[in-house]
$ cat target31.csv   # CSV, C-alpha atoms
chain,number,residue,atom,x,y,z
Z,21,VAL,CA,-0.1,11.7,8.4
Z,22,SER,CA,0.2,8.0,8.1
Z,23,VAL,CA,2.1,6.0,10.8
Z,24,ASN,CA,4.5,3.3,9.6
Z,25,TYR,CA,4.2,1.4,12.9
Z,26,ARG,CA,6.2,-1.7,13.5
Z,27,LEU,CA,4.4,-5.0,12.9
Z,28,ALA,CA,4.0,-8.1,14.9
Z,29,PRO,CA,5.2,-10.8,15.4
Z,30,GLU,CA,8.6,-9.2,15.3
Z,31,TRP,CA,7.3,-6.3,17.3
Z,32,PRO,CA,4.4,-7.4,19.6
Z,33,PHE,CA,2.3,-5.3,22.0
Z,34,PRO,CA,2.7,-2.5,22.8
Z,35,ILE,CA,5.2,-1.5,20.1
Z,36,GLY,CA,2.7,-0.6,17.3
Z,37,LEU,CA,0.6,1.3,19.7
Z,38,ASP,CA,3.7,3.1,21.1
Z,39,ASP,CA,4.7,4.1,17.5
Z,40,THR,CA,1.2,5.4,16.9
Z,41,LEU,CA,1.3,7.5,20.1
Z,42,ARG,CA,4.8,8.8,19.3
Z,43,VAL,CA,3.5,10.2,16.0
Z,44,TYR,CA,0.4,11.6,17.7
Z,45,GLN,CA,2.5,13.4,20.4
Z,46,TYR,CA,4.8,14.7,17.6
Z,47,LEU,CA,1.8,16.2,15.8
Z,48,ARG,CA,0.5,17.7,19.1
Z,49,GLU,CA,3.9,19.5,19.4
Z,50,HIS,CA,4.7,20.2,15.7
Z,51,GLY,CA,1.4,19.9,13.8
Z,52,ALA,CA,1.4,23.7,13.0
Z,53,GLU,CA,4.8,23.3,11.3
Z,54,LEU,CA,3.1,20.8,8.9
Z,55,GLY,CA,0.1,23.1,8.3
Z,56,GLY,CA,-2.2,21.4,10.7
Z,57,ASP,CA,-4.0,22.3,13.9
Z,58,PRO,CA,-2.4,20.5,16.8
Z,59,ALA,CA,-5.5,21.0,18.9
Z,60,ARG,CA,-7.7,19.1,16.4
Z,61,ILE,CA,-6.2,15.7,15.7
Z,62,ALA,CA,-8.2,12.6,14.9
Z,63,ILE,CA,-6.7,9.2,15.1
Z,64,ALA,CA,-7.9,6.7,12.4
Z,65,GLY,CA,-7.0,3.2,11.5
Z,66,ASP,CA,-8.1,0.1,9.6
Z,67,SER,CA,-8.3,-3.4,11.2
Z,68,SER,CA,-5.3,-3.7,13.5
Z,69,GLY,CA,-4.6,0.0,12.9
Z,70,ALA,CA,-8.2,0.6,14.1
Z,71,ASN,CA,-7.3,-1.3,17.3
Z,72,PHE,CA,-4.5,1.2,17.8
Z,73,ALA,CA,-6.9,4.1,17.0
Z,74,THR,CA,-9.5,2.9,19.5
Z,75,ALA,CA,-7.0,2.0,22.2
Z,76,ALA,CA,-5.0,5.3,21.9
Z,77,PRO,CA,-7.5,7.6,23.7
Z,78,LEU,CA,-7.4,5.2,26.7
Z,79,ARG,CA,-3.6,5.0,26.8
Z,80,LEU,CA,-3.2,8.7,26.4
Z,81,ARG,CA,-5.7,9.4,29.2
Z,82,ASP,CA,-4.0,6.8,31.4
Z,83,GLN,CA,-0.7,8.6,30.8
Z,84,GLY,CA,-2.1,12.1,31.5
Z,85,HIS,CA,-2.0,13.3,27.9
Z,86,GLU,CA,-4.6,15.1,25.8
Z,87,MET,CA,-6.9,12.7,24.0
Z,88,PRO,CA,-7.5,13.1,20.2
Z,89,THR,CA,-10.4,15.1,18.9
Z,90,ALA,CA,-12.0,12.1,17.3
Z,91,VAL,CA,-11.5,8.4,16.4
Z,92,ILE,CA,-12.2,6.8,13.1
Z,93,ALA,CA,-12.1,3.0,13.1
Z,94,LEU,CA,-12.5,1.0,9.9
Z,95,GLY,CA,-13.2,-2.7,10.6
Z,96,PRO,CA,-12.1,-2.2,14.2
Z,97,VAL,CA,-10.6,-5.0,16.4
Z,98,THR,CA,-11.9,-3.8,19.8
Z,99,ASP,CA,-11.9,-7.1,21.7
Z,100,PHE,CA,-9.3,-9.8,21.4
Z,101,ARG,CA,-11.8,-12.4,22.7
Z,102,PHE,CA,-13.2,-12.8,19.2
Z,103,GLU,CA,-15.0,-16.0,19.8
Z,104,LYS,CA,-17.5,-14.5,22.3
Z,105,TYR,CA,-19.3,-12.8,19.4
Z,106,ALA,CA,-21.8,-14.6,17.2
Z,107,SER,CA,-20.7,-12.8,14.0
Z,108,PHE,CA,-17.1,-14.1,14.4
Z,109,ASN,CA,-18.3,-17.7,15.0
Z,110,GLU,CA,-20.6,-17.5,11.9
Z,111,LEU,CA,-18.3,-15.6,9.5
Z,112,ALA,CA,-14.7,-16.4,10.4
Z,113,PRO,CA,-15.0,-20.0,9.3
Z,114,LEU,CA,-16.1,-18.8,5.8
Z,115,GLY,CA,-12.7,-17.3,5.2
Z,116,ILE,CA,-13.9,-14.0,3.7
Z,117,VAL,CA,-10.7,-11.9,3.8
Z,118,TYR,CA,-9.6,-13.7,7.0
Z,119,ASP,CA,-10.6,-16.9,8.6
Z,120,ALA,CA,-10.6,-18.1,12.2
Z,121,ALA,CA,-7.1,-19.6,12.0
Z,122,PHE,CA,-5.6,-16.3,10.7
Z,123,ALA,CA,-7.4,-14.4,13.4
Z,124,GLY,CA,-5.9,-16.7,16.0
Z,125,PHE,CA,-2.5,-16.3,14.5
Z,126,MET,CA,-2.8,-12.5,14.4
Z,127,ARG,CA,-3.9,-12.5,18.0
Z,128,GLY,CA,-1.1,-14.7,19.1
Z,129,ALA,CA,1.5,-12.8,17.1
Z,130,TYR,CA,0.5,-9.5,18.6
Z,131,VAL,CA,-0.3,-10.2,22.3
Z,132,ARG,CA,0.0,-12.9,24.9
Z,133,TYR,CA,-3.0,-14.6,26.4
Z,134,GLY,CA,-2.7,-12.9,29.7
Z,135,GLN,CA,-3.0,-9.5,28.0
Z,136,TRP,CA,-6.1,-10.1,25.9
Z,137,ASP,CA,-8.4,-8.3,28.3
Z,138,HIS,CA,-6.1,-5.3,28.9
Z,139,PRO,CA,-7.9,-2.1,27.8
Z,140,HIS,CA,-4.9,-1.0,25.7
Z,141,VAL,CA,-5.3,-4.3,23.8
Z,142,SER,CA,-9.1,-4.7,24.0
Z,143,PRO,CA,-10.5,-1.2,24.3
Z,144,MET,CA,-13.9,-2.7,24.8
Z,145,ASN,CA,-12.8,-3.4,28.4
Z,146,GLY,CA,-11.7,0.1,29.2
Z,147,ASN,CA,-13.3,3.0,31.0
Z,148,LEU,CA,-14.9,4.7,28.0
Z,149,ALA,CA,-16.1,7.8,30.0
Z,150,GLY,CA,-14.9,11.0,28.3
Z,151,TYR,CA,-13.9,9.1,25.1
Z,152,PRO,CA,-13.8,11.3,22.0
Z,153,PRO,CA,-16.4,11.3,19.3
Z,154,ALA,CA,-16.0,8.1,17.2
Z,155,MET,CA,-16.9,6.8,13.8
Z,156,LEU,CA,-17.0,3.0,13.4
Z,157,VAL,CA,-17.2,1.5,9.9
Z,158,VAL,CA,-17.9,-2.2,9.3
Z,159,GLY,CA,-19.5,-4.6,6.8
Z,160,THR,CA,-22.2,-7.1,7.6
Z,161,HIS,CA,-19.9,-9.9,6.4
Z,162,ASP,CA,-17.1,-8.9,8.7
Z,163,GLY,CA,-16.7,-11.2,11.6
Z,164,MET,CA,-15.9,-8.1,13.8
Z,165,ILE,CA,-19.4,-6.6,13.2
Z,166,ASP,CA,-20.9,-7.7,16.5
Z,167,SER,CA,-17.9,-6.4,18.5
Z,168,ALA,CA,-18.0,-3.1,16.6
Z,169,ARG,CA,-21.7,-2.7,17.4
Z,170,THR,CA,-21.0,-3.6,21.0
Z,171,PHE,CA,-18.2,-1.1,21.3
Z,172,GLY,CA,-20.4,1.6,19.8
Z,173,GLY,CA,-23.1,0.7,22.4
Z,174,LYS,CA,-20.6,0.9,25.2
Z,175,LEU,CA,-19.4,4.3,24.0
Z,176,ARG,CA,-23.0,5.5,24.1
Z,177,ASP,CA,-23.6,3.9,27.5
Z,178,ALA,CA,-20.5,5.8,28.8
Z,179,GLY,CA,-22.1,9.1,27.8
Z,180,ASN,CA,-20.6,9.7,24.3
Z,181,ARG,CA,-23.3,11.3,22.2
Z,182,HIS,CA,-21.2,11.4,19.1
Z,183,VAL,CA,-20.8,7.8,18.0
Z,184,ASP,CA,-21.5,7.0,14.4
Z,185,LEU,CA,-21.7,3.3,13.3
Z,186,TYR,CA,-21.7,2.9,9.5
Z,187,VAL,CA,-22.6,-0.7,8.4
Z,188,ARG,CA,-22.4,-1.6,4.8
Z,189,ALA,CA,-24.6,-4.6,3.8
Z,190,GLY,CA,-22.9,-7.6,2.2
Z,191,MET,CA,-19.4,-6.2,2.7
Z,192,PRO,CA,-16.5,-8.1,4.3
Z,193,HIS,CA,-13.6,-6.9,6.4
Z,194,GLY,CA,-11.6,-4.2,4.6
Z,195,PHE,CA,-14.3,-3.5,2.0
Z,196,TYR,CA,-13.6,0.2,1.9
Z,197,PHE,CA,-10.3,-0.5,0.1
Z,198,PHE,CA,-11.9,-2.6,-2.6
Z,199,PRO,CA,-12.0,-0.6,-5.8
Z,200,GLY,CA,-15.5,-0.1,-7.3
Z,201,LEU,CA,-17.3,-1.7,-4.4
Z,202,PHE,CA,-17.7,1.2,-2.0
Z,203,GLN,CA,-18.5,4.6,-3.3

$ encode --input "target31.csv" --output "structure tokens"
Amino acid sequence: VSVNYRLAPEWPFPIGLDDTLRVYQYLREHGAELGGDPARIAIAGDSSGANFATAAPLRLRDQGHEMPTAVIALGPVTDFRFEKYASFNELAPLGIVYDAAFAGFMRGAYVRYGQWDHPHVSPMNGNLAGYPPAMLVVGTHDGMIDSARTFGGKLRDAGNRHVDLYVRAGMPHGFYFFPGLFQ
């Protein structure tokens, strides 16, 4: 199931996350009607969608709902304070797929400064105890690589024994969608 969530800037935080969680809750209630197992739902996303995927378990737990079975995050944005990571400062100015200016626009379009540290915006800052198994996929030429590594480490530090970090050498943000480059 793919979520056609509403996009910022017309629909800032938390609208896209809300849309994602509505679909998740629908699948928990009606997944069997679609031929799925409502007790085994993974949430996956790419880039901003990976932000929703990584924030979803925290928001669901905070609201007293069942967390997903797993999280798959491709090129995840797990911390909206991009500049505190060396990889962002080194790679974003190069403009491979996105540059520092676009990242700043994206951040400002989605969320206000006072919300950057909120765990539903920056899951890096959340209580990660009990977080579901997670797979994080990132390239070495993605400015988000250091934050993805840090997030994986924080998941492990919180007791999650099922954290897989896949790093592809020489690949930029979104490389998994480039035909012929990732097989």

$ atom_distance --input "target31.csv" --atom1 "CA of Arg132 in chain Z" --atom2 "CA of His161 in chain Z"
27.3 Å

$ closest_residue --input "target31.csv" --among "Z:Ala189, Z:Ala64, Z:Leu27, Z:Thr98" --to "Asp137 in chain Z" --atoms "all atoms listed in the file"
Z:Thr98

$ closest_residue --input "target31.csv" --among "Z:Ala52, Z:Val23, Z:Ile35, Z:Leu148" --to "Gly65 in chain Z" --atoms "all atoms listed in the file"
Z:Val23

$ closest_residue --input "target31.csv" --among "Z:Ile61, Z:His140, Z:Asp66, Z:His193" --to "Arg81 in chain Z" --atoms "only C-alpha atoms"
Z:His140

$ residues_around --input "target31.csv" --residues "range 177-181 of chain Z" --least-positions-apart "6" --cutoff "8 Å" --atoms "all atoms listed in the file" --output "list of chain:residue names"
Z:Leu148, Z:Ala149, Z:Gly150, Z:Tyr151, Z:Pro152, Z:Pro153

$ closest_atom_pairs --input "target31.csv" --of "range 65-140 of chain Z" --to "range 195-199 of chain Z" --cutoff "10 Å" --atoms "only C-alpha atoms" --output "CSV"
residue,atom,partner,partner_atom,distance
Z:Asp66,CA,Z:Tyr196,CA,9.5
Z:Leu94,CA,Z:Tyr196,CA,8.1
Z:Gly95,CA,Z:Phe195,CA,8.7
Z:Val117,CA,Z:Phe195,CA,9.3

$ closest_residue --input "target31.csv" --among "Z:Val158, Z:Val97, Z:Leu47, Z:Val91" --to "Asn71 in chain Z" --atoms "all atoms listed in the file"
Z:Val97

$ atom_distance --input "target31.csv" --atom1 "CA of Phe102 in chain Z" --atom2 "CA of Met191 in chain Z"
18.8 Å

$ residues_around --input "target31.csv" --residues "Pro88 in chain Z" --least-positions-apart "3" --cutoff "12 Å" --atoms "only C-alpha atoms" --output "PyMOL selection string"
chain Z and resi 41+44-45+47-48+57-64+73-81+85+91-92+150-154

$ atom_distance --input "target31.csv" --atom1 "CA of Arg26 in chain Z" --atom2 "CA of Met126 in chain Z"
14.1 Å

$ closest_residue --input "target31.csv" --among "Z:Ala129, Z:Asn147, Z:Lys174, Z:Pro34" --to "Asp82 in chain Z" --atoms "all atoms listed in the file"
Z:Asn147

$ closest_residue --input "target31.csv" --among "Z:Met164, Z:Val131, Z:Ala90, Z:Val141" --to "Phe72 in chain Z" --atoms "all atoms listed in the file"
Z:Val141

$ residues_near_point --input "target31.csv" --point "(-17.5, -4.0, 17.0)" --cutoff "10 Å" --atoms "all atoms listed in the file" --output "ChimeraX atom specification"
/Z:93,95-99,105,107,144,156-158,162-173,185

$ decode --input "target31.csv" --residues "range 152-180 of chain Z" --atoms "C-alpha atoms" --output "tab-separated table (two decimals), in the first residue's frame"
chain	number	residue	atom	x	y	z
Z	152	PRO	CA	10.49	-2.02	16.04
Z	153	PRO	CA	13.19	-3.70	13.96
Z	154	ALA	CA	14.58	-1.24	11.44
Z	155	MET	CA	16.40	-1.27	8.13
Z	156	LEU	CA	18.16	1.96	7.15
Z	157	VAL	CA	19.51	2.38	3.60
Z	158	VAL	CA	21.84	5.24	2.65
Z	159	GLY	CA	24.68	6.03	0.25
Z	160	THR	CA	28.11	7.34	1.18
Z	161	HIS	CA	27.47	10.46	-0.93
Z	162	ASP	CA	24.19	11.32	0.81
Z	163	GLY	CA	24.49	14.22	3.23
Z	164	MET	CA	22.18	12.29	5.58
Z	165	ILE	CA	24.61	9.37	6.02
Z	166	ASP	CA	25.97	10.51	9.39
Z	167	SER	CA	22.52	11.08	10.83
Z	168	ALA	CA	21.38	7.65	9.53
Z	169	ARG	CA	24.38	6.01	11.20
Z	170	THR	CA	23.73	7.93	14.41
Z	171	PHE	CA	20.06	6.97	14.38
Z	172	GLY	CA	20.99	3.29	13.89
Z	173	GLY	CA	23.41	3.55	16.81
Z	174	LYS	CA	20.76	5.15	19.01
Z	175	LEU	CA	18.32	2.37	18.13
Z	176	ARG	CA	20.93	-0.22	19.17
Z	177	ASP	CA	21.75	1.72	22.35
Z	178	ALA	CA	18.02	1.66	23.20
Z	179	GLY	CA	18.08	-2.15	23.08
Z	180	ASN	CA	16.95	-2.82	19.51
